[in-house]
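Next comes entry16.txt, a file with compact mmCIF, C-alpha atoms and all ligand atoms.
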```txt
# COMPACT_ATOMS: atom_id res chain seq x y z
CA MET A 600 21.50 22.53 -4.02
CA SER A 601 18.10 22.86 -5.55
CA ASN A 602 15.37 23.48 -3.05
CA ASP A 603 13.13 25.24 -5.48
CA VAL A 604 9.86 23.50 -5.98
CA ASP A 605 8.06 23.73 -9.24
CA ASN A 606 5.16 26.07 -8.68
CA SER A 607 2.52 24.14 -10.55
CA ARG A 608 3.21 21.13 -8.35
CA ARG A 609 2.78 23.29 -5.26
CA LYS A 610 -0.63 24.36 -6.51
CA PHE A 611 -1.53 20.80 -7.28
CA ILE A 612 -0.58 19.70 -3.78
CA ALA A 613 -2.47 22.62 -2.27
CA ALA A 614 -5.54 21.58 -4.25
CA GLY A 615 -5.11 18.03 -2.93
CA VAL A 616 -4.97 19.26 0.66
CA ALA A 617 -8.05 21.44 0.17
CA GLY A 618 -9.87 18.43 -1.26
CA THR A 619 -9.36 16.49 1.96
CA ALA A 620 -10.59 19.30 4.19
CA GLY A 621 -13.64 17.14 4.96
CA LEU A 622 -11.47 15.09 7.26
CA VAL A 623 -11.28 17.96 9.72
CA LEU A 624 -13.56 17.07 12.62
CA ALA A 625 -13.30 20.28 14.58
CA PRO A 626 -10.96 23.22 14.38
CA GLY A 627 -7.51 21.85 15.10
CA VAL A 628 -8.67 18.22 15.22
CA THR A 629 -8.16 16.14 12.15
CA LEU A 630 -8.92 12.52 11.54
CA LEU A 631 -5.69 12.07 9.69
CA ASP A 632 -2.67 13.94 10.86
CA MET A 633 -1.85 15.53 7.52
CA ALA A 634 1.46 13.91 6.71
CA HIS A 635 4.48 16.08 7.30
CA ALA A 636 6.42 13.84 4.94
CA ARG A 637 7.55 15.57 1.80
CA PRO A 638 5.27 14.92 -1.15
CA ALA A 639 6.62 12.51 -3.75
CA GLY A 640 8.98 14.26 -6.12
CA GLU A 641 9.97 17.03 -3.72
CA ALA A 642 13.60 17.39 -2.66
CA ALA A 643 14.77 17.73 0.94
CA SER A 644 15.01 21.38 1.93
CA SER A 645 17.31 23.38 4.15
CA ALA A 646 14.22 24.82 5.84
CA LYS A 647 14.56 21.79 8.10
CA ARG A 648 17.48 20.60 10.09
CA TRP A 649 16.99 17.22 11.64
CA GLY A 650 18.55 16.57 14.99
CA LEU A 651 18.53 14.43 18.11
CA LEU A 652 18.58 15.26 21.77
CA ILE A 653 19.84 12.52 24.05
CA ASP A 654 19.20 12.71 27.77
CA SER A 655 21.96 10.68 29.33
CA THR A 656 20.34 10.88 32.76
CA LYS A 657 17.58 8.62 31.40
CA CYS A 658 19.96 6.33 29.55
CA ALA A 659 20.58 3.21 31.60
CA THR A 660 23.91 1.44 31.77
CA GLY A 661 23.52 -1.91 30.04
CA CYS A 662 20.48 -0.90 28.03
CA ASN A 663 21.13 -1.58 24.36
CA ASP A 664 17.68 -1.07 22.87
CA CYS A 665 18.74 1.67 20.44
CA VAL A 666 21.72 -0.31 19.16
CA THR A 667 19.61 -3.43 18.63
CA ALA A 668 16.89 -1.49 16.83
CA CYS A 669 19.40 0.22 14.57
CA GLY A 670 20.98 -3.10 13.62
CA LYS A 671 17.61 -4.62 12.85
CA GLU A 672 16.38 -1.66 10.81
CA ASN A 673 19.54 -1.17 8.80
CA GLY A 674 20.67 -4.77 8.53
CA VAL A 675 23.85 -4.13 10.49
CA ALA A 676 24.55 -7.54 11.95
CA SER A 677 27.69 -9.21 13.22
CA THR A 678 29.69 -10.92 10.51
CA GLY A 679 31.45 -13.07 13.09
CA HIS A 680 34.51 -10.80 12.96
CA PRO A 681 33.84 -8.29 15.72
CA GLU A 682 37.07 -6.39 15.13
CA THR A 683 35.92 -5.33 11.65
CA ASP A 684 32.13 -5.34 12.09
CA PRO A 685 30.52 -2.11 10.90
CA GLN A 686 29.00 -0.08 13.72
CA TRP A 687 26.45 2.66 13.27
CA ILE A 688 25.64 3.37 16.91
CA ARG A 689 27.36 2.25 20.09
CA LYS A 690 26.81 2.67 23.80
CA ILE A 691 29.61 4.28 25.73
CA GLU A 692 30.14 4.58 29.48
CA LEU A 693 31.52 7.77 30.93
CA LYS A 694 32.98 8.02 34.39
CA GLU A 695 34.21 11.04 36.23
CA ILE A 696 37.21 9.72 38.04
CA LYS A 697 37.12 12.14 40.96
CA SER A 698 33.48 11.77 41.95
CA GLY A 699 32.94 8.28 40.55
CA ARG A 700 29.75 9.44 38.85
CA SER A 701 29.24 7.30 35.80
CA HIS A 702 26.69 7.42 33.07
CA SER A 703 25.88 5.89 29.76
CA LEU A 704 24.98 7.28 26.36
CA PRO A 705 24.65 6.25 22.74
CA MET A 706 27.17 7.67 20.27
CA MET A 707 26.66 7.78 16.55
CA CYS A 708 27.24 10.15 13.63
CA GLN A 709 26.57 13.61 15.04
CA HIS A 710 25.38 14.95 11.67
CA CYS A 711 27.70 17.92 11.87
CA ALA A 712 26.76 21.13 10.12
CA GLU A 713 30.46 21.51 9.25
CA PRO A 714 31.33 17.86 8.74
CA PRO A 715 35.06 17.09 8.46
CA CYS A 716 34.17 13.79 6.79
CA VAL A 717 32.74 15.79 3.88
CA ASP A 718 35.71 18.15 3.77
CA VAL A 719 38.23 15.36 3.27
CA CYS A 720 36.33 13.10 0.89
CA PRO A 721 38.23 13.09 -2.42
CA THR A 722 35.28 11.95 -4.52
CA GLY A 723 32.34 13.87 -3.13
CA ALA A 724 30.76 10.66 -1.88
CA SER A 725 30.52 11.98 1.67
CA PHE A 726 27.97 14.76 1.60
CA LYS A 727 25.45 16.66 3.65
CA ARG A 728 21.87 16.67 2.47
CA ALA A 729 19.96 19.95 2.43
CA ASP A 730 18.19 19.02 5.68
CA GLY A 731 21.44 18.42 7.53
CA ILE A 732 21.71 14.63 7.28
CA VAL A 733 25.28 13.54 6.52
CA LEU A 734 25.45 10.53 4.23
CA VAL A 735 27.79 8.47 2.08
CA ASP A 736 26.80 8.10 -1.56
CA ARG A 737 27.96 4.53 -2.03
CA HIS A 738 27.74 4.86 -5.79
CA ILE A 739 30.83 7.02 -5.77
CA CYS A 740 32.60 6.05 -2.51
CA ILE A 741 35.96 4.45 -3.37
CA GLY A 742 36.52 3.10 0.11
CA CYS A 743 39.62 5.18 0.83
CA ARG A 744 38.51 5.73 4.43
CA TYR A 745 39.79 9.29 4.75
CA CYS A 746 36.45 10.21 6.26
CA MET A 747 36.87 7.59 8.98
CA MET A 748 40.11 9.23 10.02
CA ALA A 749 38.65 12.72 9.84
CA CYS A 750 35.59 12.03 12.00
CA PRO A 751 36.31 13.03 15.61
CA TYR A 752 33.51 10.80 16.90
CA LYS A 753 34.64 7.48 15.37
CA ALA A 754 31.22 7.36 13.79
CA ARG A 755 32.07 5.70 10.50
CA SER A 756 32.92 2.11 9.62
CA PHE A 757 34.17 0.33 6.56
CA VAL A 758 32.22 -2.61 5.21
CA HIS A 759 34.74 -5.42 4.91
CA GLU A 760 32.50 -8.25 3.87
CA GLU A 761 29.89 -8.97 1.27
CA HIS A 762 26.30 -8.57 2.35
CA GLU A 763 23.11 -10.23 1.29
CA ASP A 764 19.48 -9.73 2.20
CA GLN A 765 19.74 -5.99 2.71
CA ASN A 766 16.68 -4.03 3.68
CA PRO A 767 15.52 -2.71 0.27
CA ASP A 768 15.40 0.75 1.85
CA VAL A 769 18.98 0.53 3.11
CA PRO A 770 21.42 -0.55 0.41
CA ARG A 771 24.84 -1.45 1.78
CA GLY A 772 27.74 -3.51 0.55
CA LYS A 773 31.40 -4.35 0.67
CA GLY A 774 34.03 -1.72 -0.07
CA CYS A 775 32.22 1.40 1.12
CA VAL A 776 32.23 3.44 4.27
CA GLU A 777 28.97 3.87 6.11
CA ALA A 778 27.55 5.47 9.22
CA CYS A 779 24.28 6.34 10.90
CA THR A 780 21.96 7.83 8.26
CA LEU A 781 19.59 9.16 10.92
CA CYS A 782 17.28 6.56 9.30
CA VAL A 783 16.85 8.91 6.35
CA HIS A 784 14.52 6.41 4.65
CA ARG A 785 12.19 6.57 7.65
CA ILE A 786 12.41 10.34 8.12
CA ASP A 787 11.39 10.78 4.49
CA LYS A 788 8.25 8.77 5.32
CA ASP A 789 7.58 10.93 8.38
CA GLN A 790 8.70 8.24 10.78
CA GLN A 791 11.15 8.52 13.65
CA PRO A 792 14.62 6.99 13.50
CA ALA A 793 14.54 3.36 14.63
CA CYS A 794 16.68 4.02 17.73
CA VAL A 795 14.38 6.79 18.93
CA GLU A 796 11.31 4.66 18.37
CA ALA A 797 12.86 1.76 20.33
CA CYS A 798 13.92 4.06 23.16
CA SER A 799 10.41 5.37 23.65
CA ALA A 800 8.85 1.91 23.09
CA GLY A 801 11.03 0.71 25.98
CA ASN A 802 9.73 3.62 28.08
CA HIS A 803 13.20 5.06 28.49
CA GLY A 804 12.41 8.36 26.78
CA ALA A 805 16.08 9.24 26.52
CA MET A 806 16.02 10.17 22.83
CA LEU A 807 14.13 12.94 21.10
CA PHE A 808 14.10 13.51 17.36
CA GLY A 809 12.96 16.66 15.60
CA ASP A 810 13.55 19.74 13.52
CA LEU A 811 16.12 22.06 15.05
CA ASN A 812 15.10 24.85 12.69
CA ASP A 813 11.51 24.89 13.94
CA SER A 814 11.36 26.87 17.17
CA ASN A 815 8.03 25.21 18.01
CA SER A 816 9.31 21.65 17.78
CA GLU A 817 9.67 19.71 21.02
CA ILE A 818 13.40 19.36 20.52
CA SER A 819 13.92 23.10 19.98
CA LYS A 820 11.84 23.91 23.06
CA ARG A 821 13.85 21.49 25.20
CA ILE A 822 17.12 22.93 23.92
CA ALA A 823 15.86 26.43 24.66
CA THR A 824 14.88 25.41 28.21
CA PHE A 825 17.54 23.02 29.47
CA ALA A 826 21.30 23.00 29.43
CA THR A 827 22.34 20.78 26.55
CA THR A 828 25.79 20.20 25.10
CA GLN A 829 27.44 19.14 21.94
CA VAL A 830 30.26 16.65 22.28
CA ARG A 831 33.58 18.42 21.64
CA PRO A 832 32.01 21.84 21.11
CA ASP A 833 35.57 23.18 20.83
CA LEU A 834 35.71 21.74 17.33
CA ALA A 835 32.85 24.03 16.27
CA LEU A 836 31.26 21.41 14.03
CA ASN A 837 27.75 22.42 15.10
CA THR A 838 26.52 18.89 15.62
CA GLY A 839 22.90 17.94 15.00
CA VAL A 840 23.01 15.51 17.94
CA ARG A 841 23.01 17.12 21.35
CA TYR A 842 23.24 15.66 24.86
CA GLN A 843 21.69 16.50 28.17
CA GLY A 844 23.27 15.57 31.49
CA ILE A 845 26.84 15.02 30.39
CA MET B 395 50.47 -1.13 -53.61
CA ILE B 396 46.94 -2.60 -53.55
CA ASN B 397 45.20 -2.54 -56.89
CA PRO B 398 41.80 -0.81 -57.09
CA ALA B 399 39.84 -4.07 -57.52
CA LYS B 400 41.42 -5.58 -54.46
CA ARG B 401 40.77 -2.39 -52.54
CA ARG B 402 37.09 -2.55 -53.48
CA SER B 403 36.82 -6.09 -52.19
CA VAL B 404 38.58 -5.17 -48.97
CA LEU B 405 36.19 -2.27 -48.50
CA GLY B 406 33.26 -4.53 -49.29
CA TRP B 407 34.45 -7.04 -46.71
CA LEU B 408 34.87 -4.30 -44.15
CA ALA B 409 31.39 -2.96 -44.82
CA ALA B 410 29.91 -6.45 -44.56
CA SER B 411 31.62 -7.14 -41.25
CA LEU B 412 30.59 -3.74 -39.92
CA LEU B 413 27.00 -4.50 -40.81
CA ALA B 414 27.25 -7.89 -39.13
CA LEU B 415 28.68 -6.24 -36.03
CA LEU B 416 25.90 -3.70 -35.96
CA LEU B 417 23.28 -6.40 -36.26
CA ALA B 418 24.91 -8.44 -33.55
CA GLY B 419 25.07 -5.33 -31.39
CA ALA B 420 21.38 -4.75 -31.84
CA MET B 421 20.47 -8.33 -30.92
CA PRO B 422 20.29 -8.10 -27.14
CA ALA B 423 17.96 -5.15 -27.46
CA THR B 424 15.46 -7.25 -29.32
CA ALA B 425 16.06 -10.47 -27.40
CA GLN B 426 12.83 -12.18 -26.52
CA ASP B 427 11.70 -15.72 -26.10
CA GLY B 428 13.76 -17.96 -28.30
CA GLN B 429 16.60 -15.48 -28.58
CA GLY B 430 18.81 -16.19 -25.66
CA GLY B 431 15.84 -17.69 -23.85
CA HIS B 432 15.16 -14.42 -22.08
CA LYS B 433 11.68 -13.99 -20.75
CA LEU B 434 10.29 -10.65 -19.78
CA ILE B 435 8.61 -10.76 -16.40
CA ALA B 436 6.30 -7.95 -15.39
CA LYS B 437 3.26 -7.58 -13.20
CA GLY B 438 1.87 -4.36 -14.55
CA ASP B 439 0.34 -3.89 -17.95
CA LYS B 440 2.63 -1.03 -18.84
CA CYS B 441 6.22 -0.10 -18.11
CA VAL B 442 7.18 3.41 -16.99
CA ARG B 443 8.35 4.02 -20.57
CA ASP B 444 8.08 2.27 -23.87
CA VAL B 445 9.52 -1.26 -23.70
CA ASP B 446 11.95 -0.64 -26.58
CA PHE B 447 13.09 2.59 -24.97
CA MET B 448 13.60 0.82 -21.64
CA ARG B 449 15.72 -1.91 -23.22
CA ARG B 450 18.21 0.68 -24.41
CA ASN B 451 17.95 3.38 -21.74
CA HIS B 452 16.97 1.84 -18.39
CA MET B 453 20.49 2.38 -17.05
CA ASN B 454 20.35 6.10 -17.74
CA ILE B 455 16.97 6.45 -16.09
CA LEU B 456 18.18 4.57 -13.02
CA LYS B 457 21.35 6.62 -12.82
CA HIS B 458 19.44 9.85 -13.05
CA GLN B 459 17.00 8.75 -10.35
CA ARG B 460 19.73 7.55 -8.01
CA VAL B 461 21.20 11.05 -7.94
CA GLU B 462 17.80 12.62 -7.37
CA THR B 463 16.99 10.28 -4.49
CA MET B 464 20.35 9.84 -2.83
CA ARG B 465 21.65 13.41 -3.04
CA LYS B 466 18.50 15.50 -3.09
CA GLY B 467 16.15 13.25 -1.16
CA VAL B 468 13.49 13.02 -3.86
CA ARG B 469 11.27 10.05 -3.02
CA GLY B 470 8.33 8.30 -4.60
CA SER B 471 9.43 8.36 -8.22
CA GLN B 472 8.14 5.67 -10.51
CA ASP B 473 11.71 5.47 -11.86
CA SER B 474 13.14 4.13 -8.59
CA LEU B 475 14.99 0.83 -8.62
CA LYS B 476 12.63 -0.36 -5.90
CA ASN B 477 9.68 0.28 -8.17
CA CYS B 478 11.33 -1.71 -10.99
CA ILE B 479 11.93 -4.61 -8.63
CA GLU B 480 8.36 -4.58 -7.29
CA CYS B 481 7.04 -5.06 -10.80
CA HIS B 482 9.67 -7.29 -12.40
CA VAL B 483 10.27 -9.72 -9.54
CA ASN B 484 10.23 -13.36 -10.60
CA PRO B 485 7.57 -15.07 -8.46
CA ALA B 486 9.54 -18.31 -8.61
CA THR B 487 12.65 -16.84 -6.97
CA ASN B 488 11.26 -13.63 -5.40
CA SER B 489 14.16 -11.80 -7.00
CA VAL B 490 15.17 -9.94 -10.15
CA ALA B 491 18.74 -11.14 -10.14
CA SER B 492 19.23 -14.45 -8.35
CA SER B 493 19.19 -16.66 -11.46
CA LYS B 494 19.36 -16.42 -15.22
CA GLU B 495 15.60 -16.85 -15.27
CA ASP B 496 15.14 -13.59 -13.40
CA PHE B 497 14.31 -10.34 -15.12
CA CYS B 498 17.63 -8.50 -14.90
CA MET B 499 19.92 -11.47 -15.29
CA GLY B 500 17.99 -12.94 -18.20
CA CYS B 501 19.20 -10.18 -20.48
CA HIS B 502 22.39 -9.27 -18.68
CA SER B 503 23.79 -12.78 -18.79
CA TYR B 504 22.78 -13.10 -22.45
CA ALA B 505 24.50 -9.79 -23.26
CA ALA B 506 27.42 -10.59 -20.90
CA VAL B 507 27.11 -7.28 -19.09
CA LYS B 508 27.84 -7.37 -15.37
CA VAL B 509 25.32 -5.71 -13.04
CA ASP B 510 26.76 -4.08 -9.93
CA CYS B 511 23.50 -2.81 -8.48
CA PHE B 512 22.80 -5.85 -6.35
CA GLU B 513 26.11 -5.84 -4.52
CA CYS B 514 24.49 -3.21 -2.31
CA HIS B 515 20.82 -3.10 -3.29
CA SER B 516 18.45 -5.88 -2.43
CA SER B 517 17.22 -7.70 -5.52
CA LYS B 518 14.00 -8.54 -3.69
CA PRO B 519 10.88 -6.48 -3.19
CA LYS B 520 10.34 -5.03 0.28
CA ALA B 521 7.16 -6.94 1.05
CA SER B 522 4.51 -9.00 -0.56
CA ILE B 523 2.91 -7.14 -3.43
CA VAL B 524 -0.48 -8.15 -2.08
CA GLY B 525 -2.46 -5.03 -1.34
CA THR B 526 0.39 -2.71 -2.26
CA HIS B 527 0.61 -3.18 -5.99
CA PRO B 528 -0.91 -0.27 -7.88
CA ILE B 529 -2.57 -2.49 -10.43
CA ILE B 530 -3.40 -5.65 -8.55
CA ALA B 531 -5.88 -4.66 -5.84
CA PRO B 532 -6.25 -6.81 -2.71
CA GLY B 533 -9.60 -8.14 -3.87
CA GLN B 534 -8.01 -9.55 -6.96
CA GLN B 535 -5.66 -11.83 -5.13
CA SER B 536 -6.18 -15.54 -5.28
CA GLU B 537 -7.27 -17.46 -2.23
CA GLY B 538 -3.98 -19.37 -2.22
CA LYS B 539 -1.88 -19.25 0.92
CA ASP B 540 1.31 -18.62 -0.97
CA LYS B 541 1.68 -14.91 -1.63
CA GLN B 542 3.50 -15.60 -4.87
CA SER B 543 0.86 -17.91 -6.29
CA GLY B 544 -1.60 -15.09 -5.73
CA LEU B 545 -0.34 -13.51 -8.90
CA SER B 546 -1.46 -16.02 -11.42
CA GLY B 547 -5.14 -16.57 -11.16
CA LYS B 548 -6.76 -13.26 -10.62
CA ILE B 549 -5.08 -10.82 -12.94
CA PRO B 550 -7.90 -9.02 -14.74
CA ARG B 551 -8.60 -10.54 -18.12
CA GLN B 552 -7.99 -7.27 -19.89
CA MET B 553 -4.55 -7.12 -18.42
CA GLN B 554 -3.79 -10.72 -19.29
CA ALA B 555 -4.50 -9.91 -22.91
CA LYS B 556 -2.19 -6.95 -22.77
CA LEU B 557 0.49 -8.99 -21.07
CA ALA B 558 0.22 -11.60 -23.76
CA SER B 559 0.42 -9.06 -26.53
CA LEU B 560 3.48 -7.48 -24.96
CA ASN B 561 4.95 -10.93 -24.39
CA MET B 562 5.50 -9.91 -20.79
CA GLY B 563 3.33 -12.33 -18.97
CA GLU B 564 5.38 -15.53 -19.09
CA GLY B 565 6.99 -15.17 -15.71
CA VAL B 566 3.74 -15.02 -13.83
CA LYS B 567 2.14 -18.08 -15.40
S1 LIG A 901 30.02 12.80 13.25
FE1 LIG A 901 31.68 12.16 11.92
S2 LIG A 901 30.68 11.08 10.24
FE2 LIG A 901 29.10 12.28 11.27
S3 LIG A 901 29.01 14.23 10.16
FE3 LIG A 901 30.41 14.53 11.88
S4 LIG A 901 32.44 14.06 11.02
FE4 LIG A 901 30.95 13.23 9.59
S1 LIG A 902 35.76 6.28 2.11
FE1 LIG A 902 34.22 6.96 0.61
S2 LIG A 902 33.06 8.55 1.67
FE2 LIG A 902 34.93 8.23 2.88
S3 LIG A 902 36.40 9.75 2.12
FE3 LIG A 902 36.77 7.90 0.92
S4 LIG A 902 35.45 8.09 -0.90
FE4 LIG A 902 34.72 9.62 0.60
```
Translate this file's structure into structure tokens.
Ligand code: SF4
Ligand code: SF4
Amino acid sequence: MSNDVDNSRRKFIAAGVAGTAGLVLAPGVTLLDMAHARPAGEAASSAKRWGLLIDSTKCATGCNDCVTACGKENGVASTGHPETDPQWIRKIELKEIKSGRSHSLPMMCQHCAEPPCVDVCPTGASFKRADGIVLVDRHICIGCRYCMMACPYKARSFVHEEHEDQNPDVPRGKGCVEACTLCVHRIDKDQQPACVEACSAGNHGAMLFGDLNDSNSEISKRIATFATTQVRPDLALNTGVRYQGI
Amino acid sequence: MINPAKRRSVLGWLAASLLALLLAGAMPATAQDGQGGHKLIAKGDKCVRDVDFMRRNHMNILKHQRVETMRKGVRGSQDSLKNCIECHVNPATNSVASSKEDFCMGCHSYAAVKVDCFECHSSKPKASIVGTHPIIAPGQQSEGKDKQSGLSGKIPRQMQAKLASLNMGEGVK
């Protein structure tokens, strides 16, 4: 995968950044937070690995804010046939039978570093981007659904019905498999995934998004401080989504 | 056994029909007003490439860009399908593919070539072009309430002339 950036463009970008140095108000304080989004024309790089940390102790039973926000952002709405409706994120309830302790958490594509959905795909449609986001390239997905069977987290769905009025940033249509894209179109604009944004807008603070490769990122610090788990760590898929309190 | 004279006439007929086929094949590429009734709709004064080049090669450019964006995560290219739609949207339908009057379907229905893009991609621009279009600045928008009608009045005169000369301005009148 090509992560090499043409050098002259680097210099050009550096010159652009130097040109805006006037926006710095005081050391460390800038008027504009210099965008962390990749400059136009630059490919995603394996220097980053995007991930999520979900604190199930803050995730309330019955709260569906993340699911609603995801549906709105990505145009995943009910087709009136719930048994075949695509599902990108779902809330699940866990209960320990002995103690009766129950808790709730959202489950979606775990953006595995070793994704079985990619291993089994016969066409190469299911792939992992350099920055760890696992996606389906709908241009070459033949809808065989092997990946749905391979995914241990039931994260993927098949689109059974024709769709209209898609979000221009989120193309989706009949005959392909799809799953949570970690809101790749938003991440590339330096925005948070829609579910994370909704969770903090609702003051739940149960979801944290960030770069797992950056030891200074909030998510990496939390993972280094608190006990967090991957779901089914025995499968050694090295998931990008981790949970706290489960 | 065919005699030589007859063979010549057969060859002549073949050559003539081949030429006719070639001409017919070239027709959609030059289709403009009056030929298939296809109107070019564009907001900018200049396409990302030469218009003739685009007529023949837009599919290759889009296919190249889709790989760059989808697989490598390259964003912000002027060759993106979204960029095409922003510029070529028909103000009457707010789409590039909802009717034969729209930019993509005008030619594709004339040439009888099916477009699959819009089974998954939206054929509509993300938002109003007001204030976001690289060429039409917010101050140049008309006072009209309707965001679509904002396109007609206030396009700079220079650009109108260019649009007219390129025969690309019909859709926004
Ligand atoms: S959670 Fe499932 S769909 Fe997502 S990367 Fe892992 S195997 Fe693939
Ligand atoms: S359904 Fe599509 S993405 Fe999944 S395995 Fe088949 S071709 Fe690959």
query: Got a sec to check which residues lie within 8 Å of ligand LIG 901 (chain A), using only C-alpha atoms and all ligand atoms, and send them as a PyMOL selection string?
result: chain A and resi 707-717+727+732-734+746-747+749-755+778-779+836+838
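Each of A:Cys794, A:Ile653, A:Ala826, A:Val735 was checked against chain B using all atoms listed in the file; the smallest atom-to-atom distance is that of A:Val735.
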Within 8 Å of chain A, which residues of chain B come that close, and what is the closest atom pair and distance in Å for each? Count all atoms listed in the file and give it as a tab-separated table.
```
residue	atom	partner	partner_atom	distance
B:Glu462	CA	A:Ala642	CA	7.9
B:Met464	CA	A:Asp736	CA	6.8
B:Arg465	CA	A:Arg728	CA	6.4
B:Lys466	CA	A:Ala642	CA	5.3
B:Gly467	CA	A:Ala642	CA	5.1
B:Val468	CA	A:Ala642	CA	4.5
B:Arg469	CA	A:Ala639	CA	5.3
B:Gly470	CA	A:Ala639	CA	4.6
B:Ser471	CA	A:Gly640	CA	6.3
B:Lys476	CA	A:Pro767	CA	7.2
B:Glu513	CA	A:Gly772	CA	5.8
B:Cys514	CA	A:Gly772	CA	4.3
B:His515	CA	A:Pro770	CA	4.5
B:Ser516	CA	A:Pro767	CA	5.1
B:Ser517	CA	A:Pro767	CA	7.8
B:Lys518	CA	A:Pro767	CA	7.2
B:Pro519	CA	A:Pro767	CA	6.9
B:Lys520	CA	A:Pro767	CA	5.7
```
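Taking all atoms listed in the file into account, ligand LIG 902 (chain A) has within 7 Å the residues Cys716, Val719, Cys720, Pro721, Thr722, Gly723, Ala724, Ser725, Val735, Ile739, Cys740, Ile741, Gly742, Cys743, Arg744, Tyr745, Cys746, Met747, Cys775 and Val776 of chain A.
Interatomic distance, CA of Thr667 in chain A to CA of Ser489 in chain B: 27.5 Å.
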query: How many Å lie between CA of Asn815 in chain A and CA of Gln790 in chain A, rounded to one decimal?
result: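 Atom-to-atom, CA of Asn815 in chain A and CA of Gln790 in chain A are spaced 18.5 Å apart.
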- request: Mind giving me the straight-line distance from CA of Thr828 in chain A to CA of Cys782 in chain A in Å, one decimal?
  value: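 Value for the CA of Thr828 in chain A-CA of Cys782 in chain A distance: 22.5 Å.
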Shell of 10 Å around Lys494 in chain B, only C-alpha atoms, local chain residues under 2 positions omitted, as a list in words: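 Once the adjacent positions are removed, what remains is Gly431, His432, Lys433, Val490, Ala491, Ser492, Asp496, Phe497, Cys498, Met499, Gly500, Cys501, His502, Ser503 and Tyr504 of chain B.
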message: Need to verify the contact set: Cys441 in chain B, 9 Å, all atoms listed in the file, exclusion of same-chain residues closer than 5 positions in sequence. Can you return it as number ranges by chain?
response: B: 436, 448, 478, 481
task: Pick out the closest residue to Gln472 in chain B from this set: B:Thr487, B:Lys508, B:Met453, B:Arg443. Count only C-alpha atoms.
output: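 Looking at the shortest contact to Gln472 in chain B, the residue is B:Arg443.
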- prompt: Could you pull the residues within 12 Å of range 795-806 of chain A, counting only C-alpha atoms, minus those fewer than 5 positions along the same chain, as an MDAnalysis selection string?
  reply: chainID A and resid 650:660 662:672 688 703:706 781:782 785:786 790 817:818 821 840:844
